[in-house]
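Engineer: Below you'll find final_31.txt; it's compact mmCIF, N, CA and C atoms.
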```txt
# COMPACT_ATOMS: atom_id res chain seq x y z
N PHE S 2 0.82 -1.20 0.00
CA PHE S 2 0.00 0.00 0.00
C PHE S 2 0.86 1.26 0.00
N GLY S 3 2.05 1.17 0.56
CA GLY S 3 2.92 2.34 0.63
C GLY S 3 3.23 2.90 -0.74
N LEU S 4 3.47 2.02 -1.69
CA LEU S 4 3.77 2.46 -3.05
C LEU S 4 2.56 3.16 -3.68
N VAL S 5 1.36 2.69 -3.35
CA VAL S 5 0.14 3.33 -3.86
C VAL S 5 0.05 4.77 -3.35
N PHE S 6 0.32 4.96 -2.06
CA PHE S 6 0.26 6.32 -1.51
C PHE S 6 1.36 7.21 -2.08
N ILE S 7 2.53 6.64 -2.33
CA ILE S 7 3.60 7.42 -2.95
C ILE S 7 3.20 7.83 -4.36
N LEU S 8 2.63 6.91 -5.12
CA LEU S 8 2.18 7.25 -6.48
C LEU S 8 1.08 8.30 -6.45
N LEU S 9 0.17 8.21 -5.49
CA LEU S 9 -0.86 9.25 -5.34
C LEU S 9 -0.23 10.60 -5.03
N ASP S 10 0.80 10.60 -4.17
CA ASP S 10 1.51 11.84 -3.86
C ASP S 10 2.12 12.45 -5.11
N VAL S 11 2.79 11.62 -5.90
CA VAL S 11 3.42 12.11 -7.13
C VAL S 11 2.35 12.67 -8.07
N PHE S 12 1.25 11.94 -8.23
CA PHE S 12 0.18 12.39 -9.12
C PHE S 12 -0.40 13.72 -8.66
N PHE S 13 -0.79 13.81 -7.39
CA PHE S 13 -1.43 15.03 -6.92
C PHE S 13 -0.45 16.20 -6.81
N LEU S 14 0.83 15.91 -6.54
CA LEU S 14 1.81 17.01 -6.54
C LEU S 14 1.95 17.60 -7.93
N SER S 15 1.97 16.74 -8.94
CA SER S 15 2.09 17.27 -10.30
C SER S 15 0.80 17.96 -10.73
N MET S 16 -0.34 17.47 -10.29
CA MET S 16 -1.62 18.08 -10.67
C MET S 16 -1.93 19.34 -9.88
N SER S 17 -1.22 19.57 -8.77
CA SER S 17 -1.48 20.77 -7.98
C SER S 17 -1.13 22.04 -8.75
N VAL S 18 -0.29 21.90 -9.76
CA VAL S 18 0.03 23.04 -10.62
C VAL S 18 -1.23 23.53 -11.32
N TYR S 19 -2.14 22.61 -11.60
CA TYR S 19 -3.39 22.95 -12.28
C TYR S 19 -4.55 23.19 -11.32
N GLY S 20 -4.24 23.25 -10.03
CA GLY S 20 -5.26 23.54 -9.03
C GLY S 20 -6.04 22.34 -8.54
N LEU S 21 -5.62 21.14 -8.91
CA LEU S 21 -6.30 19.93 -8.44
C LEU S 21 -5.68 19.50 -7.12
N ASP S 22 -6.47 19.55 -6.07
CA ASP S 22 -5.98 19.15 -4.75
C ASP S 22 -6.46 17.75 -4.41
N ARG S 23 -5.76 17.15 -3.47
CA ARG S 23 -6.15 15.81 -2.99
C ARG S 23 -7.46 15.89 -2.25
N LEU S 24 -8.16 14.78 -2.26
CA LEU S 24 -9.39 14.68 -1.48
C LEU S 24 -9.02 14.51 -0.01
N LEU S 25 -9.83 15.08 0.85
CA LEU S 25 -9.53 15.06 2.28
C LEU S 25 -9.43 13.63 2.83
N TRP S 26 -10.29 12.74 2.36
CA TRP S 26 -10.24 11.38 2.89
C TRP S 26 -8.96 10.67 2.47
N ILE S 27 -8.41 11.03 1.31
CA ILE S 27 -7.13 10.45 0.90
C ILE S 27 -6.01 10.95 1.81
N ASP S 28 -6.06 12.23 2.16
CA ASP S 28 -5.06 12.78 3.09
C ASP S 28 -5.08 12.04 4.42
N PHE S 29 -6.27 11.82 4.97
CA PHE S 29 -6.35 11.15 6.26
C PHE S 29 -5.99 9.67 6.16
N ALA S 30 -6.35 9.01 5.08
CA ALA S 30 -5.95 7.61 4.89
C ALA S 30 -4.43 7.52 4.78
N ASP S 31 -3.82 8.48 4.08
CA ASP S 31 -2.37 8.56 3.95
C ASP S 31 -1.72 8.72 5.32
N CYS S 32 -2.27 9.61 6.12
CA CYS S 32 -1.73 9.85 7.47
C CYS S 32 -1.81 8.59 8.33
N VAL S 33 -2.94 7.95 8.31
CA VAL S 33 -3.13 6.74 9.13
C VAL S 33 -2.17 5.65 8.67
N TYR S 34 -2.07 5.45 7.35
CA TYR S 34 -1.20 4.39 6.84
C TYR S 34 0.25 4.61 7.28
N TRP S 35 0.77 5.82 7.07
CA TRP S 35 2.18 6.05 7.37
C TRP S 35 2.46 6.07 8.87
N THR S 36 1.47 6.45 9.68
CA THR S 36 1.63 6.38 11.14
C THR S 36 1.73 4.93 11.58
N VAL S 37 0.84 4.08 11.07
CA VAL S 37 0.88 2.65 11.41
C VAL S 37 2.17 2.03 10.88
N ASP S 38 2.57 2.41 9.67
CA ASP S 38 3.79 1.88 9.08
C ASP S 38 5.00 2.24 9.93
N MET S 39 5.04 3.47 10.41
CA MET S 39 6.16 3.90 11.25
C MET S 39 6.22 3.08 12.53
N CYS S 40 5.08 2.83 13.15
CA CYS S 40 5.04 2.01 14.37
C CYS S 40 5.45 0.57 14.07
N GLN S 41 5.03 0.08 12.93
CA GLN S 41 5.34 -1.30 12.53
C GLN S 41 6.85 -1.49 12.32
N LEU S 42 7.53 -0.47 11.88
CA LEU S 42 8.96 -0.60 11.59
C LEU S 42 9.79 -0.85 12.84
N PHE S 43 9.22 -0.60 14.02
CA PHE S 43 9.92 -0.94 15.25
C PHE S 43 9.92 -2.46 15.48
N CYS S 44 9.07 -3.17 14.78
CA CYS S 44 8.93 -4.62 14.98
C CYS S 44 9.51 -5.45 13.85
N LEU S 45 9.82 -4.84 12.72
CA LEU S 45 10.34 -5.58 11.58
C LEU S 45 11.84 -5.75 11.68
N GLY S 46 12.29 -6.93 11.34
CA GLY S 46 13.72 -7.18 11.36
C GLY S 46 14.43 -6.51 10.20
N TYR S 47 15.74 -6.58 10.22
CA TYR S 47 16.54 -6.02 9.14
C TYR S 47 17.71 -6.95 8.84
N HIS S 48 18.20 -6.82 7.62
CA HIS S 48 19.33 -7.65 7.20
C HIS S 48 20.63 -6.98 7.62
N LYS S 49 21.53 -7.81 8.13
CA LYS S 49 22.88 -7.35 8.42
C LYS S 49 23.85 -8.35 7.80
N GLU S 50 25.12 -8.11 7.95
CA GLU S 50 26.11 -8.92 7.25
C GLU S 50 26.00 -10.42 7.56
N ASP S 51 25.73 -10.75 8.81
CA ASP S 51 25.71 -12.17 9.18
C ASP S 51 24.30 -12.75 9.30
N GLY S 52 23.30 -12.10 8.69
CA GLY S 52 21.96 -12.67 8.69
C GLY S 52 20.88 -11.65 9.02
N LEU S 53 19.77 -12.18 9.46
CA LEU S 53 18.59 -11.37 9.76
C LEU S 53 18.55 -11.06 11.25
N GLU S 54 18.40 -9.80 11.57
CA GLU S 54 18.29 -9.38 12.98
C GLU S 54 16.83 -9.19 13.33
N MET S 55 16.35 -9.95 14.34
CA MET S 55 14.94 -9.89 14.73
C MET S 55 14.75 -9.52 16.20
N ARG S 56 15.83 -9.31 16.96
CA ARG S 56 15.68 -8.96 18.37
C ARG S 56 15.09 -7.55 18.47
N PRO S 57 13.98 -7.42 19.19
CA PRO S 57 13.25 -6.14 19.23
C PRO S 57 14.09 -4.93 19.62
N VAL S 58 14.95 -5.07 20.60
CA VAL S 58 15.76 -3.92 21.03
C VAL S 58 16.73 -3.50 19.94
N LYS S 59 17.36 -4.47 19.30
CA LYS S 59 18.30 -4.16 18.21
C LYS S 59 17.56 -3.55 17.01
N VAL S 60 16.39 -4.10 16.71
CA VAL S 60 15.60 -3.57 15.59
C VAL S 60 15.20 -2.13 15.86
N ALA S 61 14.73 -1.85 17.07
CA ALA S 61 14.33 -0.49 17.43
C ALA S 61 15.51 0.47 17.36
N LYS S 62 16.66 0.06 17.87
CA LYS S 62 17.86 0.92 17.82
C LYS S 62 18.27 1.22 16.38
N GLN S 63 18.21 0.19 15.54
CA GLN S 63 18.57 0.38 14.13
C GLN S 63 17.63 1.36 13.46
N TYR S 64 16.34 1.22 13.70
CA TYR S 64 15.35 2.12 13.10
C TYR S 64 15.54 3.54 13.62
N LEU S 65 15.80 3.69 14.91
CA LEU S 65 16.02 5.02 15.46
C LEU S 65 17.26 5.68 14.86
N LYS S 66 18.27 4.88 14.53
CA LYS S 66 19.50 5.43 13.94
C LYS S 66 19.39 5.73 12.46
N THR S 67 18.42 5.13 11.78
CA THR S 67 18.37 5.28 10.33
C THR S 67 17.21 6.16 9.87
N TRP S 68 16.00 5.62 9.75
CA TRP S 68 14.90 6.33 9.11
C TRP S 68 13.91 6.99 10.06
N PHE S 69 14.06 6.81 11.36
CA PHE S 69 13.05 7.28 12.29
C PHE S 69 12.84 8.80 12.21
N ILE S 70 13.90 9.58 12.19
CA ILE S 70 13.79 11.04 12.17
C ILE S 70 13.05 11.50 10.90
N VAL S 71 13.40 10.91 9.78
CA VAL S 71 12.72 11.26 8.52
C VAL S 71 11.25 10.87 8.61
N ASP S 72 10.99 9.65 9.07
CA ASP S 72 9.60 9.17 9.13
C ASP S 72 8.75 10.00 10.08
N VAL S 73 9.26 10.27 11.27
CA VAL S 73 8.45 11.03 12.23
C VAL S 73 8.24 12.46 11.74
N SER S 74 9.22 13.04 11.09
CA SER S 74 9.05 14.39 10.52
C SER S 74 7.96 14.40 9.45
N LEU S 75 7.97 13.40 8.59
CA LEU S 75 6.97 13.33 7.53
C LEU S 75 5.57 13.06 8.08
N VAL S 76 5.47 12.19 9.08
CA VAL S 76 4.16 11.87 9.65
C VAL S 76 3.59 13.07 10.38
N VAL S 77 4.40 13.77 11.15
CA VAL S 77 3.93 14.98 11.84
C VAL S 77 3.51 16.03 10.83
N TYR S 78 4.32 16.22 9.80
CA TYR S 78 3.96 17.17 8.74
C TYR S 78 2.63 16.79 8.10
N GLN S 79 2.45 15.51 7.79
CA GLN S 79 1.22 15.07 7.12
C GLN S 79 0.00 15.33 7.99
N TRP S 80 0.10 15.00 9.28
CA TRP S 80 -1.05 15.22 10.16
C TRP S 80 -1.36 16.70 10.28
N LEU S 81 -0.31 17.54 10.44
CA LEU S 81 -0.54 18.99 10.52
C LEU S 81 -1.17 19.51 9.23
N SER S 82 -0.66 19.05 8.12
CA SER S 82 -1.18 19.49 6.83
C SER S 82 -2.64 19.09 6.66
N ALA S 83 -2.95 17.84 6.97
CA ALA S 83 -4.33 17.37 6.82
C ALA S 83 -5.27 18.10 7.76
N LEU S 84 -4.84 18.31 8.99
CA LEU S 84 -5.70 19.01 9.95
C LEU S 84 -5.89 20.48 9.57
N LEU S 85 -4.83 21.13 9.12
CA LEU S 85 -4.96 22.54 8.70
C LEU S 85 -5.87 22.67 7.49
N GLU S 86 -5.71 21.77 6.54
CA GLU S 86 -6.55 21.85 5.34
C GLU S 86 -8.01 21.52 5.64
N SER S 87 -8.24 20.64 6.59
CA SER S 87 -9.62 20.27 6.91
C SER S 87 -10.35 21.38 7.64
N THR S 88 -9.61 22.27 8.32
CA THR S 88 -10.25 23.35 9.08
C THR S 88 -10.13 24.70 8.40
N SER S 89 -9.60 24.75 7.20
CA SER S 89 -9.28 26.05 6.60
C SER S 89 -10.19 26.46 5.46
N GLU S 90 -11.26 25.73 5.20
CA GLU S 90 -12.10 26.09 4.07
C GLU S 90 -12.63 27.51 4.18
N ALA S 91 -13.03 27.91 5.38
CA ALA S 91 -13.65 29.22 5.55
C ALA S 91 -12.65 30.30 5.96
N ASN S 92 -11.50 29.92 6.41
CA ASN S 92 -10.55 30.88 6.96
C ASN S 92 -9.52 31.27 5.89
N THR S 93 -9.64 32.47 5.34
CA THR S 93 -8.75 32.89 4.24
C THR S 93 -7.35 33.22 4.73
N GLU S 94 -7.18 33.56 6.00
CA GLU S 94 -5.83 33.84 6.51
C GLU S 94 -4.98 32.57 6.48
N ARG S 95 -5.58 31.45 6.81
CA ARG S 95 -4.84 30.19 6.79
C ARG S 95 -4.54 29.74 5.36
N MET S 96 -5.36 30.13 4.42
CA MET S 96 -5.17 29.68 3.05
C MET S 96 -3.84 30.15 2.47
N SER S 97 -3.43 31.39 2.76
CA SER S 97 -2.15 31.86 2.23
C SER S 97 -0.99 31.10 2.87
N PHE S 98 -1.14 30.80 4.16
CA PHE S 98 -0.13 30.00 4.84
C PHE S 98 -0.07 28.59 4.26
N LEU S 99 -1.21 28.03 3.95
CA LEU S 99 -1.28 26.67 3.42
C LEU S 99 -0.63 26.55 2.05
N ARG S 100 -0.69 27.60 1.27
CA ARG S 100 -0.04 27.53 -0.05
C ARG S 100 1.46 27.26 0.09
N TYR S 101 2.08 27.92 1.07
CA TYR S 101 3.50 27.68 1.30
C TYR S 101 3.72 26.32 1.96
N PHE S 102 2.80 25.95 2.83
CA PHE S 102 2.91 24.67 3.53
C PHE S 102 2.78 23.51 2.55
N ARG S 103 1.97 23.66 1.53
CA ARG S 103 1.79 22.60 0.53
C ARG S 103 3.06 22.34 -0.27
N LEU S 104 3.89 23.37 -0.43
CA LEU S 104 5.14 23.17 -1.15
C LEU S 104 6.04 22.17 -0.44
N ALA S 105 5.89 22.10 0.87
CA ALA S 105 6.70 21.16 1.65
C ALA S 105 6.29 19.71 1.41
N ARG S 106 5.21 19.49 0.67
CA ARG S 106 4.79 18.11 0.37
C ARG S 106 5.85 17.35 -0.40
N TYR S 107 6.69 18.08 -1.08
CA TYR S 107 7.73 17.40 -1.83
C TYR S 107 8.66 16.62 -0.91
N MET S 108 8.67 17.00 0.38
CA MET S 108 9.46 16.24 1.35
C MET S 108 9.02 14.79 1.41
N LYS S 109 7.74 14.55 1.16
CA LYS S 109 7.21 13.19 1.26
C LYS S 109 7.82 12.26 0.22
N LEU S 110 8.37 12.83 -0.81
CA LEU S 110 8.99 12.00 -1.83
C LEU S 110 10.28 11.34 -1.34
N LEU S 111 10.73 11.73 -0.14
CA LEU S 111 11.88 11.06 0.45
C LEU S 111 11.61 9.58 0.66
N ARG S 112 10.34 9.22 0.76
CA ARG S 112 9.99 7.81 0.97
C ARG S 112 10.40 6.95 -0.21
N ILE S 113 10.54 7.55 -1.37
CA ILE S 113 10.97 6.79 -2.55
C ILE S 113 12.36 6.22 -2.30
N ALA S 114 13.18 6.94 -1.56
CA ALA S 114 14.53 6.45 -1.27
C ALA S 114 14.47 5.15 -0.48
N LYS S 115 13.48 5.01 0.39
CA LYS S 115 13.36 3.76 1.15
C LYS S 115 13.02 2.59 0.23
N PHE S 116 12.14 2.83 -0.74
CA PHE S 116 11.77 1.76 -1.66
C PHE S 116 12.94 1.38 -2.56
N GLU S 117 13.74 2.36 -2.95
CA GLU S 117 14.90 2.06 -3.79
C GLU S 117 15.88 1.18 -3.02
N LYS S 118 16.10 1.51 -1.75
CA LYS S 118 17.02 0.72 -0.93
C LYS S 118 16.50 -0.71 -0.77
N ALA S 119 15.21 -0.87 -0.53
CA ALA S 119 14.63 -2.20 -0.38
C ALA S 119 14.76 -3.00 -1.68
N LEU S 120 14.55 -2.33 -2.81
CA LEU S 120 14.68 -3.00 -4.10
C LEU S 120 16.12 -3.45 -4.33
N ARG S 121 17.06 -2.60 -3.99
CA ARG S 121 18.47 -2.97 -4.15
C ARG S 121 18.81 -4.20 -3.31
N GLN S 122 18.33 -4.22 -2.06
CA GLN S 122 18.61 -5.37 -1.20
C GLN S 122 17.99 -6.64 -1.75
N LEU S 123 16.80 -6.53 -2.28
CA LEU S 123 16.14 -7.68 -2.87
C LEU S 123 16.92 -8.20 -4.07
N LEU S 124 17.37 -7.28 -4.91
CA LEU S 124 18.09 -7.70 -6.11
C LEU S 124 19.48 -8.24 -5.80
N LEU S 125 20.06 -7.86 -4.67
CA LEU S 125 21.36 -8.40 -4.28
C LEU S 125 21.28 -9.90 -4.00
N HIS S 126 20.10 -10.35 -3.63
CA HIS S 126 19.94 -11.78 -3.34
C HIS S 126 19.87 -12.62 -4.61
N PHE S 127 19.64 -12.00 -5.75
CA PHE S 127 19.61 -12.72 -7.01
C PHE S 127 20.97 -12.59 -7.67
N HIS S 128 21.66 -13.68 -7.77
CA HIS S 128 22.99 -13.67 -8.38
C HIS S 128 22.87 -14.17 -9.82
N SER S 129 22.34 -13.29 -10.66
CA SER S 129 22.17 -13.67 -12.06
C SER S 129 22.41 -12.44 -12.92
N GLU S 130 22.51 -12.67 -14.21
CA GLU S 130 22.69 -11.55 -15.12
C GLU S 130 21.48 -10.63 -15.10
N ALA S 131 20.30 -11.20 -14.98
CA ALA S 131 19.08 -10.38 -14.94
C ALA S 131 19.07 -9.50 -13.69
N GLY S 132 19.53 -10.04 -12.56
CA GLY S 132 19.59 -9.24 -11.33
C GLY S 132 20.61 -8.11 -11.46
N VAL S 133 21.75 -8.39 -12.03
CA VAL S 133 22.77 -7.36 -12.23
C VAL S 133 22.26 -6.28 -13.20
N LEU S 134 21.60 -6.70 -14.26
CA LEU S 134 21.04 -5.75 -15.22
C LEU S 134 19.98 -4.87 -14.56
N ALA S 135 19.13 -5.48 -13.76
CA ALA S 135 18.09 -4.70 -13.06
C ALA S 135 18.72 -3.70 -12.11
N MET S 136 19.79 -4.09 -11.41
CA MET S 136 20.48 -3.18 -10.50
C MET S 136 21.04 -1.98 -11.26
N LYS S 137 21.60 -2.22 -12.44
CA LYS S 137 22.15 -1.13 -13.22
C LYS S 137 21.07 -0.20 -13.71
N MET S 138 19.89 -0.74 -14.00
CA MET S 138 18.78 0.09 -14.47
C MET S 138 18.23 0.96 -13.34
N VAL S 139 18.19 0.42 -12.12
CA VAL S 139 17.67 1.17 -10.98
C VAL S 139 18.64 2.25 -10.55
N GLY S 140 19.89 1.93 -10.47
CA GLY S 140 20.83 2.90 -9.92
C GLY S 140 21.88 3.23 -10.88
```
Translate the structure described by the file into structure tokens.
Structural biologist:
Amino acid sequence: FGLVFILLDVFFLSMSVYGLDRLLWIDFADCVYWTVDMCQLFCLGYHKEDGLEMRPVKVAKQYLKTWFIVDVSLVVYQWLSALLESTSEANTERMSFLRYFRLARYMKLLRIAKFEKALRQLLLHFHSEAGVLAMKMVG
């Protein structure tokens, strides 16, 4: 589902030039998904040189050292953005502020970097010409 929300972000960011904004329910679904995803990442293992690490304390420390700051920044931004937009229909003072705040949506595209890293790790497990070719095409 994460890729679907990223693709929606890319679509609506490009369409915002033409005045097409996201639907409010999509904003809130996006917020809920990424909040749950961020919490889930404290429980998911990660690959290291000598295998898969699944110990909860080690997994949490690794996540805190790597993507946690980016994820929490994006989730807080998303919730603030969704809440401001949901309460700003009648308030024109907030609308000018929101125009600048919407430009920060491009920050959400940082999530693409996480998918690229995951794809690279997946392709490293395939030791074939097709895997090497795919790696060269991605990066």
Engineer: Just asking: which residues within range 30-65 of chain S are alpha helix (DSSP H) according to DSSP, as a PyMOL selection string?
Structural biologist: chain S and resi 30-41+57-65
Engineer: For the contact check between range 8-69 of chain S and range 79-83 of chain S, emit one row per residue of range 8-69 of chain S within 7 Å, containing the shortest atom pair and the distance in Å rounded to one decimal, counting only C-alpha atoms, chain then rising number order, as JSON lines.
Structural biologist:
```
{"residue": "S:Asp28", "atom": "CA", "partner": "S:Ala83", "partner_atom": "CA", "distance": 6.0}
{"residue": "S:Phe29", "atom": "CA", "partner": "S:Ala83", "partner_atom": "CA", "distance": 6.6}
{"residue": "S:Cys32", "atom": "CA", "partner": "S:Gln79", "partner_atom": "CA", "distance": 6.0}
```
Engineer: Do you know which residues are at most 9 Å from Gly3 in chain S counting only C-alpha atoms, after dropping those on the same chain fewer than 5 positions away, and could you put them as a list in words?
Structural biologist: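 Skipping anything fewer than 5 positions along the chain leaves Leu8, Asp31, Tyr34, Trp35, Asp38 and Arg112 of chain S.
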Engineer: For the residues selected in the previous step, produce a file with N, CA and C atoms as a tab-separated table (two decimals), in the frame of the given file.
Structural biologist:
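This went into again_39.tsv:
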```
chain	number	residue	atom	x	y	z
S	8	LEU	N	2.63	6.91	-5.12
S	8	LEU	CA	2.18	7.25	-6.48
S	8	LEU	C	1.08	8.30	-6.45
S	31	ASP	N	-3.82	8.48	4.08
S	31	ASP	CA	-2.37	8.56	3.95
S	31	ASP	C	-1.72	8.72	5.32
S	34	TYR	N	-2.07	5.45	7.35
S	34	TYR	CA	-1.20	4.39	6.84
S	34	TYR	C	0.25	4.61	7.28
S	35	TRP	N	0.77	5.82	7.07
S	35	TRP	CA	2.18	6.05	7.37
S	35	TRP	C	2.46	6.07	8.87
S	38	ASP	N	2.57	2.41	9.67
S	38	ASP	CA	3.79	1.88	9.08
S	38	ASP	C	5.00	2.24	9.93
S	112	ARG	N	10.34	9.22	0.76
S	112	ARG	CA	9.99	7.81	0.97
S	112	ARG	C	10.40	6.95	-0.21
```
Engineer: What is the atom N of Arg56 in chain S to atom C of Gln41 in chain S distance in Å?
Structural biologist: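 Atom-to-atom, atom N of Arg56 in chain S to atom C of Gln41 in chain S, that is 12.8 Å.
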Engineer: Which residue gives the smallest distance to Ser74 in chain S among S:Leu53, S:Leu24, S:Met39, S:Val60, with only C-alpha atoms counted?
Structural biologist: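 Residue with the minimum atom-to-atom distance to Ser74 in chain S: S:Met39.
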Engineer: Between CA of Asp10 in chain S and CA of Ser87 in chain S, what is the distance, to one decimal in Å?
Structural biologist: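 CA of Ser87 in chain S lies 17.6 Å from CA of Asp10 in chain S.
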Engineer: Can you tell me, as lines of an AutoDock Vina configuration file, the centre and edge lengths (Å, one decimal) of the axis-aligned box enclosing all of range 14-18 of chain S's listed atoms after padding each side by 5 Å?
Structural biologist:
```
center_x = 0.1
center_y = 19.7
center_z = -8.9
size_x = 14.0
size_y = 17.6
size_z = 14.8
```
Engineer: Can you measure atom N of Leu65 in chain S to CA of Asp51 in chain S for me? One decimal in Å is fine.
Structural biologist: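 Computing the Euclidean distance for atom N of Leu65 in chain S and CA of Asp51 in chain S yields 19.6 Å.
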